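With compact mmCIF, C-alpha atoms inside, this is start_23.txt:
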```
# COMPACT_ATOMS: atom_id res chain seq x y z
CA MET A 1 -40.57 -58.02 0.68
CA SER A 2 -40.80 -54.28 0.21
CA LYS A 3 -39.79 -52.72 -3.10
CA VAL A 4 -38.28 -49.39 -4.12
CA VAL A 5 -40.65 -47.86 -6.66
CA ALA A 6 -39.52 -44.83 -8.67
CA SER A 7 -42.40 -42.94 -10.24
CA ILE A 8 -42.60 -39.75 -12.27
CA THR A 9 -44.58 -38.06 -15.05
CA THR A 10 -42.95 -37.12 -18.35
CA SER A 11 -43.92 -35.51 -21.62
CA VAL A 12 -43.89 -37.61 -24.79
CA ASP A 13 -40.43 -36.18 -25.52
CA GLY A 14 -39.13 -37.17 -22.09
CA PHE A 15 -39.25 -33.92 -20.09
CA VAL A 16 -40.30 -33.90 -16.42
CA THR A 17 -40.51 -30.08 -16.28
CA GLY A 18 -40.91 -27.25 -18.69
CA PRO A 19 -38.18 -24.58 -18.98
CA ASP A 20 -37.48 -22.27 -16.01
CA ASP A 21 -38.78 -24.59 -13.29
CA GLY A 22 -37.87 -24.07 -9.65
CA PRO A 23 -39.00 -22.42 -6.42
CA SER A 24 -41.97 -20.13 -7.02
CA ARG A 25 -42.05 -21.38 -10.65
CA GLY A 26 -43.15 -24.99 -10.01
CA LEU A 27 -42.85 -27.23 -13.06
CA GLY A 28 -41.75 -24.34 -15.30
CA ARG A 29 -43.43 -22.86 -18.34
CA GLY A 30 -46.10 -25.27 -19.58
CA GLY A 31 -45.03 -27.94 -17.11
CA GLU A 32 -48.33 -28.01 -15.24
CA ARG A 33 -49.78 -29.81 -18.30
CA LEU A 34 -47.79 -32.86 -17.21
CA HIS A 35 -50.02 -33.19 -14.15
CA GLN A 36 -53.42 -32.66 -15.69
CA TRP A 37 -54.08 -36.32 -14.95
CA VAL A 38 -53.57 -35.63 -11.23
CA MET A 39 -55.81 -32.55 -11.27
CA GLY A 40 -58.58 -34.04 -13.41
CA GLY A 41 -57.92 -31.69 -16.33
CA PRO A 42 -56.47 -28.27 -17.14
CA TRP A 43 -55.24 -26.24 -14.18
CA THR A 44 -52.80 -23.45 -13.36
CA TYR A 45 -50.92 -22.50 -10.22
CA GLU A 46 -53.34 -19.61 -9.82
CA HIS A 47 -56.50 -21.67 -10.46
CA ARG A 48 -56.98 -25.29 -9.41
CA PRO A 49 -60.56 -26.26 -10.21
CA GLY A 50 -60.58 -29.29 -7.90
CA LEU A 51 -61.89 -31.68 -10.55
CA PRO A 52 -61.89 -35.42 -9.79
CA MET A 53 -59.32 -37.64 -11.47
CA HIS A 54 -60.43 -39.65 -14.49
CA GLU A 55 -61.47 -43.10 -13.24
CA VAL A 56 -58.50 -44.80 -14.94
CA ASP A 57 -56.02 -42.35 -13.41
CA GLN A 58 -57.67 -42.77 -10.00
CA GLU A 59 -57.44 -46.57 -10.23
CA PHE A 60 -53.75 -46.33 -11.14
CA TYR A 61 -52.99 -43.80 -8.38
CA ASP A 62 -54.88 -45.65 -5.65
CA ALA A 63 -53.16 -48.96 -6.43
CA LEU A 64 -49.75 -47.29 -6.37
CA ALA A 65 -50.35 -45.25 -3.21
CA ALA A 66 -51.76 -48.24 -1.31
CA ARG A 67 -48.37 -49.96 -1.47
CA ILE A 68 -46.27 -46.99 -0.27
CA GLY A 69 -45.11 -46.61 3.33
CA SER A 70 -42.59 -43.79 2.94
CA GLY A 71 -40.75 -41.88 0.24
CA VAL A 72 -37.67 -40.09 -1.05
CA VAL A 73 -37.52 -36.89 -3.11
CA GLY A 74 -34.83 -34.39 -4.02
CA ARG A 75 -34.52 -30.91 -2.58
CA GLY A 76 -35.32 -29.39 -5.97
CA MET A 77 -38.71 -31.12 -6.04
CA HIS A 78 -39.40 -30.17 -2.43
CA ASP A 79 -38.58 -26.51 -3.03
CA ALA A 80 -40.35 -26.28 -6.41
CA ALA A 81 -43.50 -27.56 -4.66
CA GLY A 82 -43.10 -24.93 -1.96
CA GLY A 83 -42.60 -27.70 0.58
CA TRP A 84 -46.24 -28.62 -0.08
CA GLY A 85 -47.28 -25.82 2.24
CA GLY A 86 -45.16 -27.15 5.08
CA THR A 87 -46.82 -30.57 5.43
CA ASN A 88 -45.92 -33.84 3.71
CA PRO A 89 -48.92 -34.83 1.53
CA PHE A 90 -47.64 -38.34 0.77
CA PRO A 91 -47.94 -41.61 2.70
CA GLY A 92 -45.47 -41.96 5.61
CA LEU A 93 -42.30 -40.01 6.29
CA LEU A 94 -40.74 -38.21 3.30
CA PHE A 95 -36.93 -38.15 3.11
CA VAL A 96 -35.59 -35.12 1.26
CA LEU A 97 -32.15 -35.54 -0.33
CA THR A 98 -30.22 -32.28 0.12
CA HIS A 99 -26.81 -30.74 0.77
CA ARG A 100 -28.53 -28.22 3.10
CA THR A 101 -29.92 -29.89 6.22
CA GLU A 102 -29.65 -26.87 8.51
CA ASP A 103 -33.22 -25.76 7.68
CA GLN A 104 -34.79 -29.12 8.62
CA PRO A 105 -38.51 -28.56 9.28
CA ALA A 106 -40.13 -29.58 12.57
CA PRO A 107 -40.59 -33.37 12.90
CA ASP A 108 -44.39 -33.17 12.84
CA CYS A 109 -44.26 -31.76 9.28
CA GLY A 110 -43.42 -35.24 7.98
CA PHE A 111 -40.10 -34.38 6.31
CA ARG A 112 -36.59 -35.56 7.15
CA PHE A 113 -33.65 -33.87 5.38
CA VAL A 114 -30.69 -36.19 4.67
CA THR A 115 -27.49 -35.81 2.65
CA GLY A 116 -27.05 -39.14 0.87
CA LEU A 117 -29.11 -41.56 -1.21
CA ASP A 118 -28.12 -44.59 0.89
CA GLU A 119 -29.12 -42.79 4.09
CA ALA A 120 -32.42 -41.71 2.53
CA LEU A 121 -33.32 -45.20 1.30
CA ALA A 122 -32.29 -46.89 4.57
CA GLY A 123 -34.37 -44.44 6.58
CA ALA A 124 -37.32 -44.76 4.22
CA ARG A 125 -37.22 -48.57 4.36
CA GLU A 126 -37.24 -48.47 8.15
CA ALA A 127 -40.05 -45.90 8.22
CA ALA A 128 -42.09 -47.89 5.68
CA GLY A 129 -42.34 -50.85 8.06
CA GLY A 130 -42.39 -53.46 5.30
CA ALA A 131 -44.41 -51.42 2.80
CA ASP A 132 -42.87 -50.13 -0.43
CA VAL A 133 -40.62 -47.07 -0.65
CA SER A 134 -41.39 -44.45 -3.28
CA ILE A 135 -38.80 -42.36 -5.08
CA GLY A 136 -40.88 -39.51 -6.43
CA GLY A 137 -38.33 -37.34 -8.14
CA GLY A 138 -36.93 -35.20 -9.30
CA ALA A 139 -35.25 -36.76 -12.26
CA ASP A 140 -31.76 -36.54 -10.77
CA VAL A 141 -32.71 -38.63 -7.72
CA ILE A 142 -34.35 -41.26 -9.93
CA ARG A 143 -31.26 -41.39 -12.16
CA GLN A 144 -28.99 -41.80 -9.11
CA ALA A 145 -31.12 -44.64 -7.76
CA LEU A 146 -31.32 -46.40 -11.13
CA ALA A 147 -27.57 -46.12 -11.68
CA ALA A 148 -26.95 -47.55 -8.20
CA GLY A 149 -29.21 -50.52 -8.91
CA ARG A 150 -31.59 -49.52 -6.11
CA VAL A 151 -34.87 -49.39 -8.08
CA ASP A 152 -37.08 -52.48 -8.25
CA GLU A 153 -39.92 -50.92 -10.19
CA LEU A 154 -40.04 -47.88 -12.48
CA VAL A 155 -43.41 -46.20 -13.05
CA ILE A 156 -43.62 -43.65 -15.86
CA SER A 157 -46.77 -41.67 -16.52
CA THR A 158 -46.60 -40.08 -19.97
CA ALA A 159 -48.73 -37.01 -20.56
CA PRO A 160 -49.89 -36.40 -24.16
CA VAL A 161 -47.82 -33.24 -24.59
CA VAL A 162 -44.51 -32.33 -26.25
CA LEU A 163 -42.65 -29.70 -24.19
CA GLY A 164 -39.54 -29.30 -26.34
CA ARG A 165 -37.44 -27.95 -23.45
CA GLY A 166 -36.98 -28.42 -19.73
CA LYS A 167 -35.38 -31.20 -17.70
CA ARG A 168 -35.27 -34.68 -19.21
CA LEU A 169 -35.76 -37.78 -17.10
CA PHE A 170 -32.83 -39.74 -18.53
CA ASP A 171 -30.50 -36.88 -19.47
CA GLY A 172 -26.90 -38.05 -18.99
CA LEU A 173 -27.83 -41.51 -17.71
CA GLU A 174 -25.51 -44.14 -19.16
CA LEU A 175 -27.32 -47.32 -18.29
CA ASP A 176 -28.15 -50.50 -20.19
CA VAL A 177 -30.99 -52.30 -18.43
CA ASP A 178 -33.98 -54.39 -19.46
CA LEU A 179 -37.46 -53.45 -18.29
CA GLU A 180 -40.47 -55.75 -18.06
CA VAL A 181 -43.92 -54.23 -18.55
CA LEU A 182 -46.05 -55.19 -15.54
CA LYS A 183 -49.19 -53.12 -16.07
CA VAL A 184 -50.50 -50.34 -18.32
CA HIS A 185 -53.30 -47.89 -17.55
CA SER A 186 -54.33 -45.34 -20.16
CA SER A 187 -56.71 -42.39 -19.89
CA PRO A 188 -57.18 -39.31 -22.10
CA LEU A 189 -54.73 -37.46 -19.83
CA ALA A 190 -51.87 -39.96 -19.37
CA THR A 191 -50.56 -43.44 -20.05
CA HIS A 192 -49.14 -45.05 -16.92
CA VAL A 193 -46.69 -47.94 -17.32
CA ARG A 194 -45.28 -50.01 -14.48
CA TYR A 195 -41.95 -51.65 -15.30
CA ALA A 196 -39.94 -54.21 -13.35
CA VAL A 197 -36.29 -53.15 -13.50
CA GLY A 198 -33.78 -55.82 -14.51
CA PRO A 199 -30.23 -56.08 -13.17
CA VAL A 200 -28.01 -53.04 -13.83
```
Is it possible to give me this structure as structure tokens?
Amino acid sequence: MSKVVASITTSVDGFVTGPDDGPSRGLGRGGERLHQWVMGGPWTYEHRPGLPMHEVDQEFYDALAARIGSGVVGRGMHDAAGGWGGTNPFPGLLFVLTHRTEDQPAPDCGFRFVTGLDEALAGAREAAGGADVSIGGGADVIRQALAAGRVDELVISTAPVVLGRGKRLFDGLELDVDLEVLKVHSSPLATHVRYAVGPV
């Protein structure tokens, strides 16, 4: 049976962005350091060296991506990423949770704008065709899904950086739930932990 897998990268102090993130500002000041594991090392929005991922990060990423058939993200993540240049870079159809659906991109871009979490997850499950559904962020969408008991697996990649400010993954979440460690991958650029999520 397909699972809903929420995955995100945080700093050691729990931030998923630096301060002042948003459209045209990406992950905010210093936030790009969170994704050095994706880029193979240091990068900036102006200069992406195109380095390969560390072999441990690649193994983790490939295993995760192989299970995914579609995904859900929030409008903030979509806009901060500049809509990924107008084309969905992830496996399958990407459902974007938003209050503004009037600027829905063309269907061949791979995005579908929807207004509610239930609608997004139902559409993503159908589009995934039995594969897993990814919730890729931002933090607010992951918190909503966790609070609603809709997440089967939580995947947190922790970058070895302390940001001090920004948006926290669990800010305001009042939830008491047990997690079971399923797998741990660790490279010099991140520690990736897969957790099974217990009943909410």
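Using all atoms listed in the file, the nearest neighbour of Gly76 of chain A within the list A:Gly138, A:Gly18, A:Pro42, A:Gly31 is A:Gly138.
The residue set within 10 Å of Val200 of chain A, counting only C-alpha atoms and dropping same-chain residues fewer than 4 places from it, reads Leu146, Ala147, Ala148, Gly149, Arg150, Val151, Leu175, Asp176, Val177 and Asp178 of chain A.
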Could you work out how far atom CA of Pro23 of chain A lies from atom CA of Gly71 of chain A, giving the answer in Å with one decimal?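 Atom CA of Pro23 of chain A lies at a distance of 20.6 Å from atom CA of Gly71 of chain A.
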Hey, can you check how far atom CA of Asp79 of chain A sits from atom CA of Gln104 of chain A? 12.5 Å
For a quick check of understanding, using all atoms listed in the file, which of A:Asp103, A:Glu126, A:Asp13, A:Asp21 has the smallest distance to Ala81 of chain A? A:Asp21
Which residue gives the smallest distance to Lys167 of chain A among A:Ser2, A:Thr10, A:Thr17, A:Ser187, with only C-alpha atoms counted? A:Thr17
Extending 3 Å beyond the listed atoms of segment 85-88 of chain A on each side, what axis-aligned box results? I want centre and edge lengths in Å to one decimal, as AutoDock Vina command-line options.
```
--center_x -46.2 --center_y -29.8 --center_z 3.8 --size_x 8.1 --size_y 14.0 --size_z 9.2
```
Identify, on the basis of all atoms listed in the file, every residue whose closest approach to Gly14 of chain A does not exceed 7 Å; exclude the query and any residue fewer than 2 positions from it along the same chain; express the result as a PDB file with C-alpha atoms, keeping the file's coordinate frame.
```pdb
ATOM      1  CA  THR A  10     -42.950 -37.120 -18.350  1.00  0.00           C
ATOM      2  CA  SER A  11     -43.920 -35.510 -21.620  1.00  0.00           C
ATOM      3  CA  VAL A  12     -43.890 -37.610 -24.790  1.00  0.00           C
ATOM      4  CA  VAL A  16     -40.300 -33.900 -16.420  1.00  0.00           C
ATOM      5  CA  ARG A 168     -35.270 -34.680 -19.210  1.00  0.00           C
ATOM      6  CA  LEU A 169     -35.760 -37.780 -17.100  1.00  0.00           C
TER       7      LEU A 169
END
```
Selected residue of minimal separation from Asp152 of chain A among A:Gly172, A:Gly166, A:Pro49, A:Gly198, counting all atoms listed in the file: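 Result for the nearest residue to Asp152 of chain A: A:Gly198.
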Choose the residue, out of A:Trp37, A:Tyr61, A:Trp43, A:Phe113, that has the smallest atom-to-atom separation from Thr158 of chain A; count all atoms listed in the file. A:Trp37
What does the distance from atom CA of Ala139 of chain A to atom CA of Gly86 of chain A come to in Å, to one decimal?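 Between these atoms lies a distance of 22.2 Å.
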Using only C-alpha atoms, pick whichever of A:Thr87, A:Thr9, A:Ser134, A:Ser186 has the shortest atom-to-atom distance to Gly69 of chain A.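 The answer is A:Ser134, which sits nearest to Gly69 of chain A.
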Mind checking which residues fall within 9 Å of Val141 of chain A, counting all atoms listed in the file, ignoring those fewer than 5 positions away in the same chain, and posting them as a PyMOL selection string? chain A and resi 72-74+97+117+135-136+146
Residues proximal to (-43.4, -34.1, 13.3) were defined as those with any atom within 12 Å of that point in the file's coordinates, counting only C-alpha atoms. Which are they, as a CSV table (one decimal) with C-alpha atoms, keeping the file's coordinate frame?
```csv
chain,number,residue,atom,x,y,z
A,86,GLY,CA,-45.2,-27.2,5.1
A,87,THR,CA,-46.8,-30.6,5.4
A,88,ASN,CA,-45.9,-33.8,3.7
A,92,GLY,CA,-45.5,-42.0,5.6
A,93,LEU,CA,-42.3,-40.0,6.3
A,94,LEU,CA,-40.7,-38.2,3.3
A,104,GLN,CA,-34.8,-29.1,8.6
A,105,PRO,CA,-38.5,-28.6,9.3
A,106,ALA,CA,-40.1,-29.6,12.6
A,107,PRO,CA,-40.6,-33.4,12.9
A,108,ASP,CA,-44.4,-33.2,12.8
A,109,CYS,CA,-44.3,-31.8,9.3
A,110,GLY,CA,-43.4,-35.2,8.0
A,111,PHE,CA,-40.1,-34.4,6.3
A,112,ARG,CA,-36.6,-35.6,7.2
```
So which residues fall inside 10 Å of (-43.3, -53.6, -24.6) if we count all atoms listed in the file? Mind giving them as a list in words?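 Neighbouring residues, ordered by chain and number, come to Leu179, Glu180, Val181, Leu182, Val193 and Tyr195 of chain A.
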Could you list, as a PyMOL selection string, every residue within 12 Å of Gly41 of chain A, counting all atoms listed in the file and ignoring same-chain residues fewer than 2 positions away? chain A and resi 32-39+43-44+47-54+57+159+187-190
For Asp140 of chain A: contacts at 9 Å, all atoms listed in the file, fewer than 2 positions along chain excluded, given as a ChimeraX atom specification: /A:74,137-138,142-145,169-171
